[in-house]
Amino acid sequence: MRIAVYGKGGIGKSTISANLSAAFAERGKEVLQVGCDPKHDSTRLLLGGRSVETVLDYLRDTPPQKQRLRDVIHSGYRSVTCVEAGGPEPGVGCAGRGILSAFSLLDRLGCSWQDYDVTLFDVLGDVVCGGFAVPLRKGFAEVVLVVTSEEFMSIYAANNILRGVRNMEQGEPRPVGLVLNRRERDGNVDVVRRFAEAVNVPIVTVVPRSDLFREAEAEGQTVLERFPESGEANIFRRLSQSLTSCTEGPVIPLDDRDLEDLVLDRKRRVSSIAKPGPEEVPCADEALPGEGRPSGDLKSRRFLSKSLLSREPLHGCAFTGSVNTLTQIGDALTLAHGPRSCAHLASSTMLSSGLGTRRRYGTVIPEQLSPGLVSSEMTDEALIHGGIHAFREGLDRAVRENRKAVFVVTTCPAGVIGDDVDQAIRERISPGGPVVTRVETDGNIQGDYLQGVINACIEGAACLIDRRVEPGDDCVNIVAEKNIALNADRNFAEIEGLLKGLGLGVNCRFVRRTNVRELERFLRAPLNLLAYKDHLGRVLQDFLVGNFGCAFAENPFPSGFWETERWLREIASHFDRLDQADSLLETLREEYLREIRSLRPHLAGKRLMLVTYNHDVDWILETAFDVGMEVVKVGIVDYSQDGQYRTRYGDRIRAEVGYNPDNRAGDIEELRPDLCLGNYQSPGLPGITHYDTVPLCPDVGHLGGLVLAQRWRRLLAAPMTEGWRQDEARLLGNVGFRRGDR
Amino acid sequence: MNFDYRTHKPDSLTGAILAIEGIRDAAVLLNGPTGCKFYHGAIVEGQLPRESSYDPLRFRDEFYFGQPRVPATYLDGQDYVFGASEKLERILPVVASRGHSLIAVINSPGAALIGDDLDRFVSSAKLDVPCVSLESTGYSGTLEEGFQEALIATLRTLEPPCRQESPRVVNLVGLSIGQKHWEGNCLELERLLSLCGVSVGTVLSAGATVKSLRDLRSASLNVMVHEELGDRLASWCQGQYGLKTLRPCAGAPIGFDQTEAWVRGVCEALGVSPEPAIEEINRARARAVMFIKRLNSLTGLPKGATFAVRGPLSMVLPLTRWLHGYLGMVPVAVDPDDPGSPLAEELRVTLEDMGCGRAWRSDSFCGADCVLADGATLALLEAVPGKPEGIEIALPSLGYVDVVEKCLLGARGTLHLVEWLCNALISR
C-alpha cells in the first residue's frame with residue numbers, strides 16, 4: 001500500500017506519518033517513509049531525532065557515478081526505511097521540481113516502492129504545483145490521507161488538496177480519508193464533520209491534543225516507541241488497520257464560497273450532523289488493492305553523458321539532442337511539449353546543419369531542412385495552470401498525421417511544472433494507431449545535448465527494434481554518427497563504398513536518416529560499426545550489447561590508410577571475406593602511396609605543431625609522418641571532448657594532454673614550426689609560421705588525412721603573412737569587428 | 001506533414017534577445033541553460049558582428065562557453081530546484097566588466113518558473129551600468145511581442161530625458177537585426193531622408209546605441225518601417241512621451257512607388273521638400289528600366305513570370321504589389337508568416353483584385369518561376385524537380401556572405417531586387 005499524507009504546513013503531517021509508519025512496522029510490515037518537504041524533518045521521529053542528508057543535497061554534491069541508494073536511505077525505528085527528499089531554501093528555487101528530481105534519482109538508483117509493504121509519502125502543504133502533486137500520480141499513492149484541524153485555514157488547505165486529488169484522478173477514484181488532528185481540546189469538531197460530509201470523505205481517525213506527543217518528540221521518538229501502552233499509540237495502530245474505510249467514491253471539493261459558508265455555518269447542512277465519528281470506523285486488516293507502477297518500468301540503470309558524469313556545465317540541452325536524433329527517423333513525428341521557442345531552437349540547430357551540408361557538399365537532407373516536428377505551443381496560461389491540455393491537443397494533432405511512430409519529448413518548462421505526459425500518452429494510445437513513445441528530456445533537466453542523443457537512441461529508437469528478427473549475413477548497422485557534423489553523409493558514402501567492396505550493405509543507421517522499418521529490422525545485421533568510438537559511441541555500444549546482444553567491430557570509422565586497412569580486415573574477418581579485403585586494399589594502397597609520393601617532395605622535413613580539441617589525432621600524425629614531416633609538438637586541449645586521448649605514435653611525438661592554449665605563442669616562438677594546426681585560426685599568434693585548421697570530425701577513408709596534406713602543400717607556398725592581416729593590425733587594432741554608430 | 005515554419009517561428013524570447021543585442025553597446029545576460037544560449041549567441045553575432053574570430057578559445061571565460069555574446073548562467077537540474085542565486089551573483093559583475101552601456105538580464109522560459117528575483121540581484125550588484133530585468137518574455141508569444149516589450153522595458157530603464165525637439169530629426173521604428181540586410185536597409189532609408197535634410201536620430205532597435213536611445217525624445221517623429229515590430233512600441237512612445245508616429249504607407253518602403261510614398265509622407269510631415277529624394281528614386285527607376293527592358297526585349301519577361309513570396313506582411317504586401325504592378329509578374333503563392341497582421345485583409349483584397357485570390361496563404365511554391373522567401377524555404381525547393389529560382393529575403397540564410405551591404409528597402413533595395421529577379425528569370 002502506498003499512502004500520501006497531505007495537509008497544511010505545521011498541521012502535524014510528519015508526526016502522524018511517523019507514528020503511522022511505526023504502527024505498520026510493529027505489525028511486521030516492511031515500511032518506507034519518504035519525506036517530501038524541504039524542511040526534511042519527516043523521518044526525524046523514526047531516527048531518534050537524527051537529521052539525515054537529503055536526496056537533493058546528495059544529488060547536488062555527489063558525482064553520478066558515485067551515487068548509491070544506500071547513501072540516501074536510512075534505517076529507523078523497527079527498520080522503517082527513511083528517505084528525505086529535501087529541497088531549496090525558502091524563497092528560492094522550486095521545491096516542487098525538487099520532488100520530481102528526488103523521485104527521479106530514487107528511481108534511477110533502483111528504489112522500488114514495490115519492495116515495501118507500505119510506502120508513506122509525507123508531502124508539504126497544499127498541492128500548489130505539479131511537483132507536489134507527484135505522489136498523487138498514477139503509480140504512486142493508492143490512498144490519500146489529508147490531515148486537518150478544526151481551524152479554517154487548515155480546512156481550506158484540505159479542500160485545496162482534495163481538488164488536487166480530483167484533478168489527478170485517472171480512472172477509478174482512489175481512497176481518501178481525513179485525519180483530524182485536534183489543536184484545541186475543546187475545538188469545534190462539527191465543522192470538520194460538516195466538511196467531511198460535504199466533500200464525501202470520511203474522517204478516518206481523530207488524534208487528540210496530548211502532551212505525550214510533545215514529550216515523545218522532545219526525545220526524537222514516536223508515541224509508539226516512547227509510550228507504547230498509551231491510548232495515543234493505539235490510535236495509530238487502529239488507523240494502520242482501518243485505511244480500507246477511506247471512501248472510494250468521488251471526492252467533491254467545494255468552491256471557496258461554499259467552503260466559507262460551510263465552515264462559518266452560514267448554510268448548515270443538516271445531513272452532515274449525522275456523520276459517524278471516527279470511533280465508529282470499522283477496522284480492516286489488509287492493505288487496499290491498487291494498480292502499482294510496475295517496477296519493471298523503472299530503469300535500473302542510466303547511460304549518462306560525459307558532462308553528467310564529470311559534473312561539467314551542461315552544453316546544450318537533452319531536449320534538443322533528442323529532437324535532433326528522433327527527427328532523423330523519417331516516417332516518425334516528434335512532439336515537443338513546451339513553448340514554441342524550444343521547438344524553434346531545436347529546429348534551428350538542425351537547419352544550421354542542413355544548410356551547412358547543402359552549402360559545403362551540395363547535399364539536401366530533408367530530415368534536417370524539413371524535420372517531422374510539432375510543438376504543443378505551451379502558453380503562459382499553460383505554464384501557470386498546467387500544460388497537460390496543450391499536450392493532449394498536440395498529441396492528438398501528432399497522431400492524426402498518420403506517421404508510423406510518434407515520439408514525445410519535453411522541455412524545461414514542462415519538466416518544472418511536472419506535467420504527467422506519461423499518463424496522457426496512456427490515455428491516447430489506441431489499437432492500430434502509431435507507436436507513441438516518450439523520451440525523457442525535460443529540457444536540460446535530464447542533462448546536456450549528448451544525454452538527449454543517448455536518451456533518444458535508447459528510449460526512442462531502440463524501442464522499435466524487433467527482437468524476433470533473425471540476423472542475415474550480408475549487412476551491417478552503423479551506430480553513433482554525428483547528426484550535426486556537416487560531413488556525416490559524405491563519410492557515410494565513403495564507408496558505404498568500402499563496405500560495398502566487401503560485398504556488404506548497410507541495414508540501418510542508428511540513428512541517422514532512417515525509418516521505422518529499418519529500426520524494426522535492426523537485428524538483421526550481424527555486426528555493428530561505430531562511427532566514432534567516443535563517449536557516445538561507447539555508451540550506445542554498451543546499451544546494444546547489454547540489451548540486444550549485438551556484436552560490434554572493435555574499430556570505429558577509419559581515417560587514413562593504416563586505420564582503413566585495420567578496419568577493413570576486421571570486418572572482412574567477421575564475414576569471412578578476407579580475400580575481398582586483400583583485393584580492395586591493394587587498390588587503396590596504390591592510390592594512397594601515389595598521393596604520398598607526390599606530396600613528399602614538398603612536405604618532407606617540414607616541422608609541424610598541432611594544438612587541438614581532438615583526442616584522436618593519429619589520422620593527422622600518420623599523414624604527417626608518411627609525407628616525411630617532423631612533428632614537434634602535439635597539444636591536446638580539454639574542452640568538452642571525449643577525454644580519452646590515445647595514439648600509436650607515443651614514441652615519436654611530444655604530446656601534452658590538457659594543453660593550455662595560452663602557451664601557444666611561446667611554444668611557437670621556441671619550436672619554430674613551419675606549420676601550426678588548430679581547430680580554429682586564432683588571432684594574436686606570432687607571424688613566423690603558417691597556420692591552418694583541422695576539422696573536429698575528420699573525413700574518413702584511406703585518403704582522409706591526405707586531403708589535409710594537399711592543403712598544407714599549397715599553404716606552404718603562400719606568403720607567410722597575408723596583406724589583409726597588415727590591414728587588420730593597421731586599421732582594426734584591438735577593436736575587432738565593431739562598426740558603425742547610431 | 002512538412003515542417004511548418006509558421007508554428008516554429010522564433011518566439012518572444014528570441015524577439016527580446018534580438019531587440020537588446022541589436023543595440024550596439026548593450027548585452028543580454030541570459031539566466032537560463034546553455035541550450036537557450038548557443039543559438040542566440042550565434043545568431044546575434046552573425047547579424048551584428050562584434051568579433052572577427054570564431055575561435056572558442058578566445059571566449060573561454062565562465063558563462064560565455066566559447067561565444068562572445070549572450071553569456072548565460074548555464075542552469076541545470078540543480079538550479080531548477082535550488083535557484084540560481086549564486087550564479088546570478090557571480091555573473092553580473094563579470095558581464096558588467098566588459099564595458100557594455102546597458103545589460104538586460106533575461107530569464108529563459110524554464111528560469112522564469114523558478115522565480116529568481118532578478119531585480120534583487122541587479123540592485124544588490126550595485127553596478128554602474130544600467131540594467132533591465134525581464135523576468136519572463138512570455139511563452140509562445142510572438143517574436144514581435146518579445147521584441148517590442150524588451151525595448152519598452154529598456155526605455156523605462158533609460159528614461160530618455162525630455163529634450164529640445166529637433167524639427168528635422170526622426171526615429172525609425174520596427175527594424176531588427178533579425179531581418180535580412182537590416183544594416184543596408186537602415187543606411188538606405190537614412191540616405192534618402194538625408195537628401196531632404198532629414199536626419200535619423202535613432203533606430204528602434206537595429207544598430208542603435210544606448211546614447212541614441214537616450215536621445216529618443218529629441219526627434220520630432222517616430223516613422224514606422226515594419227509595423228509588426230513597431231506598432232505597440234510606437235503607441236507606447238506616443239503615450240509616454242507624446243512622440244507622434246507617422247505611418248507613411250501600408251507596409252515597408254519596398255518598390256519605387258512605395259518608397260516614394262514613404263519619403264513624401266515623412267517630408268510632408270516635417271514640412272520639407274521631398275524632391276531631392278524623388279530625383280534619386282527616379283535615377284534608380286531609370287536604371288531599373290534599362291535592365292528590365294533588355295530582359296523584356298529578349299524574353300518577354302518579367303511580365304507573365306510567376307512568383308511566390310513568404311515573409312512578414314509588411315514586406316509581402318508591398319512586394320506583391322510591386323512585382324505585379326511594376327513588373328507584370330503573377331502571384332501563385334503569397335504566404336505571410338503573420339496572417340494576423342492588420343495588413344492581412346489589405347493583401348487578401350489586393351490579391352482578389354488581381355484575380356489571384358487563390359494565391360492567398362498558399363504554400364504551394366512549386367509552380368512559381370521565382371520564390372522570395374527565407375533560406376530554409378529556398379533550400380527545400382532545391383529537391384523539387386524544375387525548382388524555382390530563389391531570392392532570399394529573410395532568415396535563416398542559405399549562407400551567402402554579404403560583404404558589400406545590400407538592402408531590400410528604398411530605391412537601392414528595389415534595384416537589388418530588380419538585379420536578383422533579372423538574373424533569376426534569365427536563367428530559367
# chains A, B, ... in the order shown; residues from 1 in each chain; ligands from 1

call {"tool": "residues_around", "arguments": {"residues": "region 350-353 of chain B", "least_positions_apart": "4", "cutoff": "10 Å", "atoms": "only C-alpha atoms", "output": "number ranges by chain"}}
result
B: 317, 320-321, 324, 330-332, 334, 344-346, 357-360

call {"tool": "write_last_selection", "arguments": {"atoms": "N, CA and C atoms", "output": "compact mmCIF listing (two decimals), in the first residue's frame"}}
result
# COMPACT_ATOMS: atom_id res chain seq x y z
N LEU B 317 3.21 42.48 -48.58
CA LEU B 317 2.22 43.33 -49.25
C LEU B 317 2.86 44.25 -50.30
N THR B 320 4.35 42.17 -53.22
CA THR B 320 3.35 41.62 -54.13
C THR B 320 2.84 42.71 -55.08
N ARG B 321 2.56 43.87 -54.53
CA ARG B 321 2.07 44.98 -55.37
C ARG B 321 3.10 45.38 -56.42
N HIS B 324 3.73 42.65 -59.11
CA HIS B 324 2.58 42.54 -60.02
C HIS B 324 2.42 43.81 -60.84
N VAL B 330 3.05 37.46 -61.89
CA VAL B 330 1.77 36.91 -61.41
C VAL B 330 2.00 36.11 -60.13
N PRO B 331 1.29 36.46 -59.06
CA PRO B 331 1.47 35.68 -57.81
C PRO B 331 0.77 34.33 -57.87
N VAL B 332 1.49 33.28 -57.49
CA VAL B 332 0.86 31.95 -57.38
C VAL B 332 0.76 31.51 -55.91
N VAL B 334 1.20 33.43 -51.98
CA VAL B 334 1.59 34.55 -51.13
C VAL B 334 1.31 34.11 -49.69
N ALA B 344 -3.25 42.18 -43.27
CA ALA B 344 -3.62 40.93 -43.94
C ALA B 344 -4.82 41.12 -44.86
N GLU B 345 -5.82 41.81 -44.39
CA GLU B 345 -7.02 41.97 -45.19
C GLU B 345 -6.72 42.78 -46.46
N GLU B 346 -5.85 43.78 -46.30
CA GLU B 346 -5.50 44.59 -47.47
C GLU B 346 -4.80 43.73 -48.52
N GLY B 357 -6.79 35.46 -56.15
CA GLY B 357 -7.20 35.17 -54.78
C GLY B 357 -6.71 33.83 -54.28
N ARG B 358 -6.51 32.89 -55.17
CA ARG B 358 -6.08 31.55 -54.73
C ARG B 358 -4.65 31.55 -54.18
N ALA B 359 -3.93 32.59 -54.51
CA ALA B 359 -2.55 32.66 -54.01
C ALA B 359 -2.49 32.98 -52.52
N TRP B 360 -3.55 33.54 -51.97
CA TRP B 360 -3.57 33.97 -50.56
C TRP B 360 -3.30 32.80 -49.63

call {"tool": "residues_around", "arguments": {"residues": "Arg287 (chain B)", "least_positions_apart": "3", "cutoff": "12 Å", "atoms": "only C-alpha atoms", "output": "JSON, numbers by chain"}}
result
{"B": [256, 280, 281, 282, 283, 284, 290, 291, 292, 293, 294, 411, 412, 414, 415, 416, 418, 419]}

call {"tool": "atom_distance", "arguments": {"atom1": "CA of Asp128 (chain B)", "atom2": "CA of His100 (chain B)"}}
result
10.2 Å

call {"tool": "select_by_dssp", "arguments": {"residues": "region 534-648 of chain A", "states": "alpha helix (DSSP H)", "output": "ChimeraX atom specification"}}
result
/A:535-548,561-574,578-603,618-626

call {"tool": "residues_around", "arguments": {"residues": "Val200 (chain B)", "least_positions_apart": "6", "cutoff": "7 Å", "atoms": "only C-alpha atoms", "output": "PyMOL selection string"}}
result
chain B and resi 169-171+190

call {"tool": "residues_around", "arguments": {"residues": "Leu124 (chain A)", "least_positions_apart": "4", "cutoff": "9 Å", "atoms": "only C-alpha atoms", "output": "list in words"}}
result
Val5, Tyr6, Gly7, Lys8, Gly9, Lys13, Gly35, Cys36, Asp37, Pro38 and Phe132 of chain A

call {"tool": "write_last_selection", "arguments": {"atoms": "C-alpha atoms", "output": "mmCIF file, in the first residue's frame"}}
result
data_model
loop_
_atom_site.group_PDB
_atom_site.id
_atom_site.type_symbol
_atom_site.label_atom_id
_atom_site.label_comp_id
_atom_site.auth_asym_id
_atom_site.auth_seq_id
_atom_site.Cartn_x
_atom_site.Cartn_y
_atom_site.Cartn_z
ATOM 1 C CA VAL A 5 -0.169 12.250 3.653
ATOM 2 C CA TYR A 6 -1.039 15.844 2.809
ATOM 3 C CA GLY A 7 -2.041 18.839 4.888
ATOM 4 C CA LYS A 8 -1.369 22.475 5.647
ATOM 5 C CA GLY A 9 2.125 23.337 6.841
ATOM 6 C CA LYS A 13 1.702 15.589 8.995
ATOM 7 C CA GLY A 35 9.590 12.973 3.421
ATOM 8 C CA CYS A 36 8.633 15.356 0.597
ATOM 9 C CA ASP A 37 9.140 18.588 2.473
ATOM 10 C CA PRO A 38 12.143 20.901 2.002
ATOM 11 C CA PHE A 132 3.914 18.484 -5.127
#

call {"tool": "residues_around", "arguments": {"residues": "Arg2 (chain A)", "least_positions_apart": "3", "cutoff": "6 Å", "atoms": "only C-alpha atoms", "output": "PyMOL selection string"}}
result
chain A and resi 118-120+141-142

call {"tool": "write_last_selection", "arguments": {"atoms": "all heavy atoms", "output": "mmCIF file, in the first residue's frame"}}
result
data_model
loop_
_atom_site.group_PDB
_atom_site.id
_atom_site.type_symbol
_atom_site.label_atom_id
_atom_site.label_comp_id
_atom_site.auth_asym_id
_atom_site.auth_seq_id
_atom_site.Cartn_x
_atom_site.Cartn_y
_atom_site.Cartn_z
ATOM 1 N N VAL A 118 4.451 -1.173 2.709
ATOM 2 C CA VAL A 118 3.794 0.127 2.883
ATOM 3 C C VAL A 118 4.801 1.231 2.558
ATOM 4 O O VAL A 118 5.933 1.195 3.037
ATOM 5 C CB VAL A 118 3.302 0.321 4.339
ATOM 6 C CG1 VAL A 118 2.661 1.699 4.499
ATOM 7 C CG2 VAL A 118 2.320 -0.770 4.732
ATOM 8 N N THR A 119 4.375 2.185 1.735
ATOM 9 C CA THR A 119 5.193 3.372 1.496
ATOM 10 C C THR A 119 4.373 4.595 1.862
ATOM 11 O O THR A 119 3.230 4.742 1.402
ATOM 12 C CB THR A 119 5.627 3.472 0.024
ATOM 13 O OG1 THR A 119 6.349 2.297 -0.327
ATOM 14 C CG2 THR A 119 6.497 4.693 -0.219
ATOM 15 N N LEU A 120 4.938 5.450 2.691
ATOM 16 C CA LEU A 120 4.256 6.690 3.072
ATOM 17 C C LEU A 120 4.989 7.879 2.476
ATOM 18 O O LEU A 120 6.204 8.018 2.658
ATOM 19 C CB LEU A 120 4.258 6.842 4.593
ATOM 20 C CG LEU A 120 3.031 6.327 5.315
ATOM 21 C CD1 LEU A 120 3.404 5.154 6.171
ATOM 22 C CD2 LEU A 120 2.456 7.438 6.181
ATOM 23 N N ALA A 141 0.782 7.153 -4.983
ATOM 24 C CA ALA A 141 -0.105 6.899 -3.840
ATOM 25 C C ALA A 141 -1.397 6.205 -4.261
ATOM 26 O O ALA A 141 -2.057 6.615 -5.209
ATOM 27 C CB ALA A 141 -0.437 8.219 -3.163
ATOM 28 N N GLU A 142 -1.746 5.152 -3.493
ATOM 29 C CA GLU A 142 -3.032 4.477 -3.706
ATOM 30 C C GLU A 142 -4.078 5.011 -2.742
ATOM 31 O O GLU A 142 -5.275 4.911 -2.994
ATOM 32 C CB GLU A 142 -2.860 2.975 -3.466
ATOM 33 C CG GLU A 142 -1.896 2.339 -4.439
ATOM 34 C CD GLU A 142 -1.373 1.018 -3.915
ATOM 35 O OE1 GLU A 142 -0.964 0.962 -2.744
ATOM 36 O OE2 GLU A 142 -1.380 0.054 -4.681
#

call {"tool": "closest_atom_pairs", "arguments": {"of": "chain B", "to": "chain A", "cutoff": "7 Å", "atoms": "only C-alpha atoms", "output": "JSON lines"}}
result
{"residue": "B:Met1", "atom": "CA", "partner": "A:Glu401", "partner_atom": "CA", "distance": 6.9}
{"residue": "B:Asn2", "atom": "CA", "partner": "A:Ser370", "partner_atom": "CA", "distance": 6.0}
{"residue": "B:Phe3", "atom": "CA", "partner": "A:Ser370", "partner_atom": "CA", "distance": 4.7}
{"residue": "B:His8", "atom": "CA", "partner": "A:His344", "partner_atom": "CA", "distance": 5.0}
{"residue": "B:Lys9", "atom": "CA", "partner": "A:His344", "partner_atom": "CA", "distance": 6.1}
{"residue": "B:Pro10", "atom": "CA", "partner": "A:His344", "partner_atom": "CA", "distance": 5.6}
{"residue": "B:Asp11", "atom": "CA", "partner": "A:Ser341", "partner_atom": "CA", "distance": 5.1}
{"residue": "B:Leu13", "atom": "CA", "partner": "A:Ser341", "partner_atom": "CA", "distance": 6.8}
{"residue": "B:Thr34", "atom": "CA", "partner": "A:Gly316", "partner_atom": "CA", "distance": 5.1}
{"residue": "B:Gly35", "atom": "CA", "partner": "A:Gly316", "partner_atom": "CA", "distance": 3.8}
{"residue": "B:Tyr39", "atom": "CA", "partner": "A:Leu345", "partner_atom": "CA", "distance": 6.5}
{"residue": "B:Pro49", "atom": "CA", "partner": "A:Phe737", "partner_atom": "CA", "distance": 6.2}
{"residue": "B:Arg50", "atom": "CA", "partner": "A:Phe737", "partner_atom": "CA", "distance": 4.8}
{"residue": "B:Glu51", "atom": "CA", "partner": "A:Phe737", "partner_atom": "CA", "distance": 4.9}
{"residue": "B:Ser52", "atom": "CA", "partner": "A:Phe737", "partner_atom": "CA", "distance": 5.4}
{"residue": "B:Asp55", "atom": "CA", "partner": "A:Tyr680", "partner_atom": "CA", "distance": 5.2}
{"residue": "B:Tyr74", "atom": "CA", "partner": "A:Pro313", "partner_atom": "CA", "distance": 6.7}
{"residue": "B:Asp76", "atom": "CA", "partner": "A:Ile445", "partner_atom": "CA", "distance": 6.0}
{"residue": "B:Gly77", "atom": "CA", "partner": "A:Ile445", "partner_atom": "CA", "distance": 4.3}
{"residue": "B:Gln78", "atom": "CA", "partner": "A:Arg60", "partner_atom": "CA", "distance": 6.4}
{"residue": "B:Asp79", "atom": "CA", "partner": "A:Gly93", "partner_atom": "CA", "distance": 6.9}
{"residue": "B:Tyr80", "atom": "CA", "partner": "A:Gly93", "partner_atom": "CA", "distance": 5.9}
{"residue": "B:Val81", "atom": "CA", "partner": "A:Cys94", "partner_atom": "CA", "distance": 4.6}
{"residue": "B:Phe82", "atom": "CA", "partner": "A:Gly93", "partner_atom": "CA", "distance": 4.2}
{"residue": "B:Gly83", "atom": "CA", "partner": "A:Gly93", "partner_atom": "CA", "distance": 3.6}
{"residue": "B:Pro109", "atom": "CA", "partner": "A:Pro413", "partner_atom": "CA", "distance": 6.3}
{"residue": "B:Gly110", "atom": "CA", "partner": "A:Pro413", "partner_atom": "CA", "distance": 4.6}
{"residue": "B:Ile114", "atom": "CA", "partner": "A:Gly93", "partner_atom": "CA", "distance": 5.0}
{"residue": "B:Gly115", "atom": "CA", "partner": "A:Gly93", "partner_atom": "CA", "distance": 6.6}
{"residue": "B:Asp116", "atom": "CA", "partner": "A:Val92", "partner_atom": "CA", "distance": 6.4}
{"residue": "B:Gly138", "atom": "CA", "partner": "A:Asp380", "partner_atom": "CA", "distance": 6.2}
{"residue": "B:Tyr139", "atom": "CA", "partner": "A:Thr379", "partner_atom": "CA", "distance": 4.8}
{"residue": "B:Ser140", "atom": "CA", "partner": "A:Arg340", "partner_atom": "CA", "distance": 4.8}
{"residue": "B:Thr202", "atom": "CA", "partner": "A:Arg742", "partner_atom": "CA", "distance": 6.4}
{"residue": "B:Gly207", "atom": "CA", "partner": "A:Arg742", "partner_atom": "CA", "distance": 6.3}
{"residue": "B:Ala208", "atom": "CA", "partner": "A:Arg742", "partner_atom": "CA", "distance": 5.0}
{"residue": "B:Thr209", "atom": "CA", "partner": "A:Arg742", "partner_atom": "CA", "distance": 5.8}
{"residue": "B:Ser212", "atom": "CA", "partner": "A:Arg742", "partner_atom": "CA", "distance": 6.4}
{"residue": "B:Ala376", "atom": "CA", "partner": "A:Leu369", "partner_atom": "CA", "distance": 6.5}
{"residue": "B:Leu380", "atom": "CA", "partner": "A:Leu369", "partner_atom": "CA", "distance": 6.4}
{"residue": "B:Leu398", "atom": "CA", "partner": "A:Leu355", "partner_atom": "CA", "distance": 6.1}

call {"tool": "select_by_dssp", "arguments": {"residues": "region 31-269 of chain B", "states": "strand (DSSP E)", "output": "JSON, numbers by chain"}}
result
{"B": [31, 102, 103, 104, 105, 106, 107, 131, 132, 133, 134, 166, 167, 168, 169, 170, 171, 172, 173, 174, 175, 199, 200, 201, 202, 203, 204, 205, 219, 220, 221, 222, 223, 224, 245, 246]}

call {"tool": "residues_around", "arguments": {"residues": "Arg217 (chain B)", "least_positions_apart": "6", "cutoff": "12 Å", "atoms": "only C-alpha atoms", "output": "count of residues only"}}
result
24

call {"tool": "residues_around", "arguments": {"residues": "Ala581 (chain A)", "least_positions_apart": "4", "cutoff": "12 Å", "atoms": "only C-alpha atoms", "output": "list of chain:residue names"}}
result
A:Leu498, A:Leu499, A:Lys500, A:Gly501, A:Leu502, A:Gly503, A:Leu504, A:Thr564, A:Glu565, A:Arg566, A:Trp567, A:Leu568, A:Arg569, A:Glu570, A:Ile571, A:Ala572, A:Ser573, A:His574, A:Phe575, A:Asp576, A:Arg577, A:Leu585, A:Glu586, A:Thr587, A:Leu588, A:Arg589

call {"tool": "atom_distance", "arguments": {"atom1": "CA of Phe227 (chain A)", "atom2": "CA of Val176 (chain A)"}}
result
28.5 Å

call {"tool": "atom_distance", "arguments": {"atom1": "CA of Gly76 (chain A)", "atom2": "CA of Pro64 (chain A)"}}
result
26.0 Å

call {"tool": "closest_residue", "arguments": {"among": "B:Ala252, B:Val198, B:Leu216, B:Leu229", "to": "Glu268 (chain B)", "atoms": "only C-alpha atoms"}}
result
B:Val198

call {"tool": "decode", "arguments": {"residues": "region 136-147 of chain A", "atoms": "N, CA, C and O atoms", "output": "compact mmCIF listing (two decimals), in the first residue's frame"}}
result
# COMPACT_ATOMS: atom_id res chain seq x y z
N LEU A 136 0.53 12.07 -6.05
CA LEU A 136 -0.86 11.76 -6.41
C LEU A 136 -0.96 11.07 -7.75
O LEU A 136 -2.03 10.63 -8.16
N ARG A 137 0.14 11.05 -8.47
CA ARG A 137 0.07 10.47 -9.81
C ARG A 137 -0.20 8.99 -9.76
O ARG A 137 0.09 8.31 -8.79
N LYS A 138 -0.66 8.52 -10.89
CA LYS A 138 -0.91 7.09 -11.00
C LYS A 138 0.41 6.35 -10.80
O LYS A 138 1.43 6.74 -11.33
N GLY A 139 0.38 5.32 -10.04
CA GLY A 139 1.60 4.56 -9.80
C GLY A 139 2.27 4.94 -8.50
O GLY A 139 3.13 4.24 -8.02
N PHE A 140 1.89 6.07 -7.92
CA PHE A 140 2.44 6.42 -6.63
C PHE A 140 1.38 6.12 -5.55
O PHE A 140 1.11 4.98 -5.29
N ALA A 141 0.78 7.15 -4.98
CA ALA A 141 -0.10 6.90 -3.84
C ALA A 141 -1.40 6.21 -4.26
O ALA A 141 -2.06 6.62 -5.21
N GLU A 142 -1.75 5.15 -3.49
CA GLU A 142 -3.03 4.48 -3.71
C GLU A 142 -4.08 5.01 -2.74
O GLU A 142 -5.27 4.91 -2.99
N VAL A 143 -3.62 5.51 -1.61
CA VAL A 143 -4.52 6.07 -0.59
C VAL A 143 -4.01 7.47 -0.25
O VAL A 143 -2.80 7.68 -0.15
N VAL A 144 -4.93 8.39 -0.09
CA VAL A 144 -4.53 9.74 0.28
C VAL A 144 -5.13 10.07 1.64
O VAL A 144 -6.34 9.93 1.85
N LEU A 145 -4.28 10.46 2.58
CA LEU A 145 -4.75 10.94 3.88
C LEU A 145 -4.53 12.45 3.93
O LEU A 145 -3.44 12.93 3.62
N VAL A 146 -5.58 13.16 4.30
CA VAL A 146 -5.47 14.62 4.39
C VAL A 146 -5.61 14.98 5.86
O VAL A 146 -6.63 14.70 6.48
N VAL A 147 -4.57 15.60 6.39
CA VAL A 147 -4.57 15.96 7.80
C VAL A 147 -5.14 17.37 7.94
O VAL A 147 -4.74 18.28 7.21
